[in-house]
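One structure is given here, and the rest of the page talks about it.
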Amino acid sequence: MTVTSIVSAVTEKLVARSASSRRRYLDRIAAATAQSPRRKALGCANVAHAFAACGAHDKNELRNGDGPNLAIVTAYNDMLSAHQPFERYPDIIRTAAREAGGTAQVAGGVPAMCDGVTQGEAGMELSLFSRDVIALSAAVALSHQMFDAAVYLGVCDKIVPGLVIGALSFGHLPAVFIPAGPMTSGMNNDEKAKVRALHAEGKVDRAALLDAEARSYHGPGTCTFYGTANSNQMLMEIMGLHLPGATFVNPGSELRDEITRAAAKQALSITALGNRYMPIGQIYDERSVVNGVVGLLATGGSTNHTMHLIAMAAAAGIVLTWDDLAELSQAVPLLTRIYPNGSADVNHFHAAGGMGFLIRELLGAGLLHEDVNTVMGTGLKGYLSEPRLSSDGLTWNEAAKESGDRAVLRGATEPFQLTGGLAVLKGNIGTAVIKSSAIPKDRHVVEAPARVFHSQDELKAAFKAGTLNSDVIAVVRFQGPKANGMPELHSLTPCLTVLQNRGLAVGLVTDGRMSGASGKIPAAIHVTPEAADGGDIARIRDGDMIQIDCTTGTLRVLVGAEELAARTPATADLSINETGVGRELFAAFRRFAGSADRGGSIFEVA
């Protein structure tokens with residue numbers, strides 16, 4: 001199946017740009033493959049340490065058998081609703097491995113922090129860097145070289161990108177990602193947003209706000225809005241790293257457990273010990289990266305992935321750029337309306353046809369590469385199916401050919417809009433991204449005077465003091481990776497929403513991040529270069545007119561070039577961000593972090 005000319009052109013440029021770094025990566029994993037299975041070459045004391053705590057059956061297999069050994073890398077903790085279901089998974093996986101003639105061990109755990117808990121708090125300044133810590137932790141887990149394949153248990157914001165980076169550093173190992181699924185639907189997302197806005201205005205108390213939040217986030221599983229966590233899960237399926245249809249099955253169900261068993265067995269079936277060897281380094285290539293970008297755009301996914309996709313690709317020697325995303329965005333239609341792009345949640349999306357229908361439509365429109373490697377070994381056509389339980393156990397049925405709810409999910413011939421859900425903005429402030437799909441069309445262009453802040457707390461204080469009472473574009477700077485770790489500024493959404501609901505022209509320009517659930521405020525985020533790295537966002541002054549224009553892809557401060565260049569850039573006292581809540585441990589991360597358009601990573605880019 002051929003792809004459209006734009007998808008083809010972007011892919012060809014990506015291949016050419018990445019040629020040397022990708023070749024080095026493939027050579028590296030080929031060398032590692034030649035030494036597999038490495039555990040057979042370990043010293044007797046080494047391998048004895050590795051199976052000392054195993055039960056009799058597994059110990060005998062690891063000592064004398066020829067079956068594959070599966071690594072479990074888990075982000076389990078029971079504070080995060082999305083990761084709490086993973087508590088049971090290792091036992092399920094170990095049993096499935098034995099049934100398949102192999103063994104499985106928990107190789108290690110990785111940290112999993114929740115941006116929902118740390119929003120507006122100092123801990124959020126560790127959030128972006130936790131992705132790279134997770135990658136490092138996954139590498140430590142696999143460094144024992146006892147394994148023939150790995151399964152990765154992770155769901156949320158930085159966890160999955162970090163696990164992917166870690167998995168790609170062991171690119172010679174097959175890898176299957178196993179999700180936990182979304183929690184069942186709770187309070188309507190629009191109603192929750194209304195309560196947040198009322199609380200920001202002082203019209204409802206904390207008890208009412210907490211009740212609304214508790215009815216929204218009420219059980220095991222991911223939050224049901226389409227933020228970074230659920231964008232992660234979409235990406236893993238459309239890139240062929242999940243089993244087909246595995247992404248949005250709710251936790252705690254028999255179907256979810258059977259999918260987990262099948263995922264473990266599938267990972268063991270594609271090791272170098274058999275004849276269906278398929279390592280992650282061969283699955284994750286330029287075509288699958290383009291497929292991931294297309295999926296993100298078609299679903300109006302999280303803006304955080306404008307960084308994560310680049311950092312993940314770099315780990316496989318692939319040089320993805322924001323220009324690639326912008327070019328594809330002009331060719332990929334928006335096919336979903338899931339909160340914050342609409343009122344539905346991911347359970348509604350799944351019921352309307354979900355991933356199988358989405359992939360069918362994008363393939364049919366020539367927007368996805370079908371001829372890719374996947375953990376199923378079937379190409380992407382193998383993902384036009386969904387799991388079901390029958391008397392014969394787990395089966396895969398043909399995915400829906402028609403949307404069950406056109407208000408939530410549509411075909412490629414009747415999209416919600418002709419272009420993707422994200423846009424790249426460029427101008428004399430720098431380069432930024434914006435989640436255009438969440439913004440009503442009458443706000444795709446906004447022009448207003450700047451009000452400059454050096455922290456989100458300053459902005460919230462101004463709102464509470466009543467000094468934000470006219471058209472305004474809030475400039476919140478010194479929020480980039482080098483300044484303070486690039487926290488999300490989602491806690492600003494309620495007060496900015498209140499201003500916009502009063503009929504004011506409102507926007508946000510920042511070198512920080514917004515949540516994957518960024519709302520309906522025009523927000524030019526990830527501004528690069530950041531203020532702490534010499535960016536011109538540091539030259540903006542109160543009262544300067546700023547224009548955010550999604551239609552032309554521009555972000556400008558309406559000041560003459562000579563005047564702007566002559567201004568002395570503002571500085572900020574960042575010492576408050578250097579200690580407390582563990583921030584002192586991340587000083588090296590802030591010092592060496594790359595720019596947002598290169599993934600905001602501490603790792604050397606391709």
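As shown in the structure tokens, the chain order sets the letters A, B, ...; within each chain, residues go from 1, and ligands are also counted from 1 in the order they appear.
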
Near region 407-426 of chain A, 6 Å: region 519-566 of chain A residue rows, closest pairs, only C-alpha atoms, as CSV:
residue,atom,partner,partner_atom,distance
A:Gly553,CA,A:Leu425,CA,4.4
A:Thr554,CA,A:Leu425,CA,4.7
A:Leu555,CA,A:Lys426,CA,5.4

Please produce a file of the residues just selected, as a PDB file, in the first residue's frame, where the atoms kept are N, CA and C atoms.
ATOM      1  N   GLY A 553       1.126  30.039  11.261  1.00  0.00           N
ATOM      2  CA  GLY A 553       2.244  29.421  11.968  1.00  0.00           C
ATOM      3  C   GLY A 553       3.266  30.426  12.451  1.00  0.00           C
ATOM      4  N   THR A 554       2.802  31.568  12.942  1.00  0.00           N
ATOM      5  CA  THR A 554       3.729  32.616  13.372  1.00  0.00           C
ATOM      6  C   THR A 554       3.517  32.973  14.838  1.00  0.00           C
ATOM      7  N   LEU A 555       4.608  33.404  15.471  1.00  0.00           N
ATOM      8  CA  LEU A 555       4.614  33.869  16.855  1.00  0.00           C
ATOM      9  C   LEU A 555       5.528  35.080  16.896  1.00  0.00           C
TER      10      LEU A 555
END

With only C-alpha atoms counted and 12 Å as the cut-off, give the residues of region 495-600 of chain A in contact with region 199-218 of chain A, each with its shortest interatomic distance in Å and the pair that gives it, as a tab-separated table.
residue	atom	partner	partner_atom	distance
A:Cys495	CA	A:Ala200	CA	5.8
A:Leu496	CA	A:Ala200	CA	9.5
A:Thr497	CA	A:Ala200	CA	9.4
A:Val498	CA	A:Glu201	CA	7.4
A:Leu499	CA	A:Glu201	CA	9.9
A:Asn501	CA	A:Glu201	CA	11.5
A:Arg502	CA	A:Glu201	CA	11.6

Would you write out those residues with N, CA and C atoms, as an mmCIF file, in the first residue's frame?
data_model
loop_
_atom_site.group_PDB
_atom_site.id
_atom_site.type_symbol
_atom_site.label_atom_id
_atom_site.label_comp_id
_atom_site.auth_asym_id
_atom_site.auth_seq_id
_atom_site.Cartn_x
_atom_site.Cartn_y
_atom_site.Cartn_z
ATOM 1 N N CYS A 495 -7.400 29.944 35.763
ATOM 2 C CA CYS A 495 -7.507 31.407 35.823
ATOM 3 C C CYS A 495 -7.504 32.022 34.425
ATOM 4 N N LEU A 496 -6.716 31.464 33.493
ATOM 5 C CA LEU A 496 -6.742 31.983 32.125
ATOM 6 C C LEU A 496 -8.087 31.708 31.459
ATOM 7 N N THR A 497 -8.691 30.561 31.790
ATOM 8 C CA THR A 497 -10.013 30.237 31.251
ATOM 9 C C THR A 497 -11.057 31.227 31.741
ATOM 10 N N VAL A 498 -10.969 31.603 33.019
ATOM 11 C CA VAL A 498 -11.901 32.596 33.566
ATOM 12 C C VAL A 498 -11.799 33.900 32.787
ATOM 13 N N LEU A 499 -10.582 34.362 32.529
ATOM 14 C CA LEU A 499 -10.391 35.605 31.783
ATOM 15 C C LEU A 499 -10.980 35.484 30.373
ATOM 16 N N ASN A 501 -13.332 33.472 29.392
ATOM 17 C CA ASN A 501 -14.794 33.391 29.476
ATOM 18 C C ASN A 501 -15.447 34.749 29.720
ATOM 19 N N ARG A 502 -14.656 35.716 30.175
ATOM 20 C CA ARG A 502 -15.178 37.076 30.347
ATOM 21 C C ARG A 502 -15.186 37.860 29.040
#

All residues 9 Å or closer to Leu153 (chain A), only C-alpha atoms, same chain fewer than 3 positions away omitted, as a ChimeraX atom specification: /A:72-76,83,86,89,160,163,177-180

Residues from last step as file, C-alpha atoms, as a tab-separated table (two decimals), in the first residue's frame:
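File written: again37.tsv
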chain	number	residue	atom	x	y	z
A	72	ILE	CA	10.03	-7.58	33.31
A	73	VAL	CA	10.77	-3.87	33.68
A	74	THR	CA	8.02	-2.34	35.75
A	75	ALA	CA	6.89	1.13	36.75
A	76	TYR	CA	4.58	-0.28	39.42
A	83	HIS	CA	0.31	1.86	37.55
A	86	PHE	CA	0.79	-3.68	37.51
A	89	TYR	CA	1.30	-8.52	36.35
A	160	VAL	CA	6.63	5.27	28.48
A	163	LEU	CA	11.05	3.06	28.86
A	177	PHE	CA	4.92	-2.90	25.94
A	178	ILE	CA	2.03	-3.95	28.15
A	179	PRO	CA	-0.52	-1.31	29.22
A	180	ALA	CA	-2.83	-1.29	32.21

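Distances to Val289 (chain A) were evaluated for A:Leu173, A:Leu14, A:Leu142, A:Ser455 using only C-alpha atoms, and the minimum falls at A:Leu14.
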
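Computed from the coordinates, the CA of Ile359 (chain A) to CA of Leu334 (chain A) distance equals 13.0 Å.
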
Write out, as CSV, each residue of region 257-321 of chain A that has an atom at most 10 Å from region 520-539 of chain A, together with the closest pair of atoms and their distance in Å to one decimal, counting only C-alpha atoms, rows going by chain and rising number.
residue,atom,partner,partner_atom,distance
A:Thr303,CA,A:Ile525,CA,8.6
A:Asn304,CA,A:His526,CA,9.1
A:Thr306,CA,A:His526,CA,9.0
A:Met307,CA,A:His526,CA,8.8

Generate the output file for the selected residues, N, CA and C atoms, as a CSV table (one decimal), in the first residue's frame.
chain,number,residue,atom,x,y,z
A,303,THR,N,0.9,17.7,23.5
A,303,THR,CA,2.0,18.5,23.0
A,303,THR,C,3.4,18.0,23.6
A,304,ASN,N,3.3,17.3,24.8
A,304,ASN,CA,4.6,16.8,25.3
A,304,ASN,C,5.3,15.9,24.4
A,306,THR,N,5.8,16.4,21.3
A,306,THR,CA,6.7,17.2,20.4
A,306,THR,C,8.1,17.1,20.9
A,307,MET,N,8.3,16.8,22.2
A,307,MET,CA,9.7,16.6,22.7
A,307,MET,C,10.0,15.1,22.8

Residues within 12 Å of Ser595 (chain A), only C-alpha atoms, excluding chain neighbours under 2 positions, as a PyMOL selection string: chain A and resi 306-307+310-311+321-322+430-432+479-483+485-486+511-512+526-535+590-593+597-605

Residue contacts of Pro279 (chain A) (8 Å, only C-alpha atoms) excluding same-chain residues fewer than 2 positions away, as a PyMOL selection string: chain A and resi 171-175+270-271+277+281-283

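The nearest approach to Asn60 (chain A) among the residues A:Ala462, A:Leu273, A:Ala48, A:Ala193, with only C-alpha atoms taken into account, belongs to A:Ala48.
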
Contacts of Thr228 (chain A) within 12 Å, only C-alpha atoms, excl. fewer than 5 positions in-chain, as a ChimeraX atom specification: /A:114-116,155-161,222-223,233-235,296,299-309,339-340,488,513-518

Leu363 (chain A) environment, 10 Å, only C-alpha atoms, sequence neighbours closer than 2 positions dropped, as a ChimeraX atom specification: /A:1-3,291,357-361,365-370,380-381,384,412

Every residue of region 239-477 of chain A that DSSP places in helix (DSSP H, G or I), as JSON, numbers by chain: {"A": [254, 255, 256, 257, 258, 259, 260, 261, 262, 263, 264, 265, 266, 267, 268, 269, 280, 281, 282, 283, 286, 287, 288, 289, 290, 291, 292, 293, 294, 295, 296, 297, 298, 299, 305, 306, 307, 308, 309, 310, 311, 312, 313, 314, 315, 322, 323, 324, 325, 326, 327, 328, 329, 346, 347, 348, 349, 350, 351, 354, 355, 356, 357, 358, 359, 360, 361, 362, 363, 364, 380, 381, 382, 383, 436, 437, 438, 441, 442, 443, 456, 457, 458, 459, 460, 461, 462, 463, 464, 465]}

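Remark: for Gly427 (chain A), the closest of the candidate residues A:Asp549, A:Asp27, A:Asp58, A:Asp544 is A:Asp549 (distances computed over only C-alpha atoms).
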
Strand (DSSP E or B) per DSSP on the backbone: members of region 515-571 of chain A, as an NGL selection string: :A and (523-528 or 545-549 or 554-557)

How close does region 430-546 of chain A get to region 556-560 of chain A? List, as a tab-separated table, each residue of region 430-546 of chain A within 8 Å, its nearest atom pair and the distance in Å to one decimal, counting only C-alpha atoms.
residue	atom	partner	partner_atom	distance
A:Ile540	CA	A:Val557	CA	7.4
A:Asp544	CA	A:Val557	CA	6.7
A:Met545	CA	A:Leu558	CA	5.4
A:Ile546	CA	A:Val557	CA	4.4

Residue among A:Ser385, A:Ser185, A:Thr395, A:Ser36 lying closest to Ser343 (chain A), counting only C-alpha atoms: A:Ser185

For CA of Val445 (chain A) and CA of Thr467 (chain A), the interatomic separation in Å (one decimal): 23.9 Å

Nearest to Gln456 (chain A), chosen from A:Ala474, A:Ala104, A:Ile338, A:Leu492, with only C-alpha atoms counted in the distances: A:Leu492
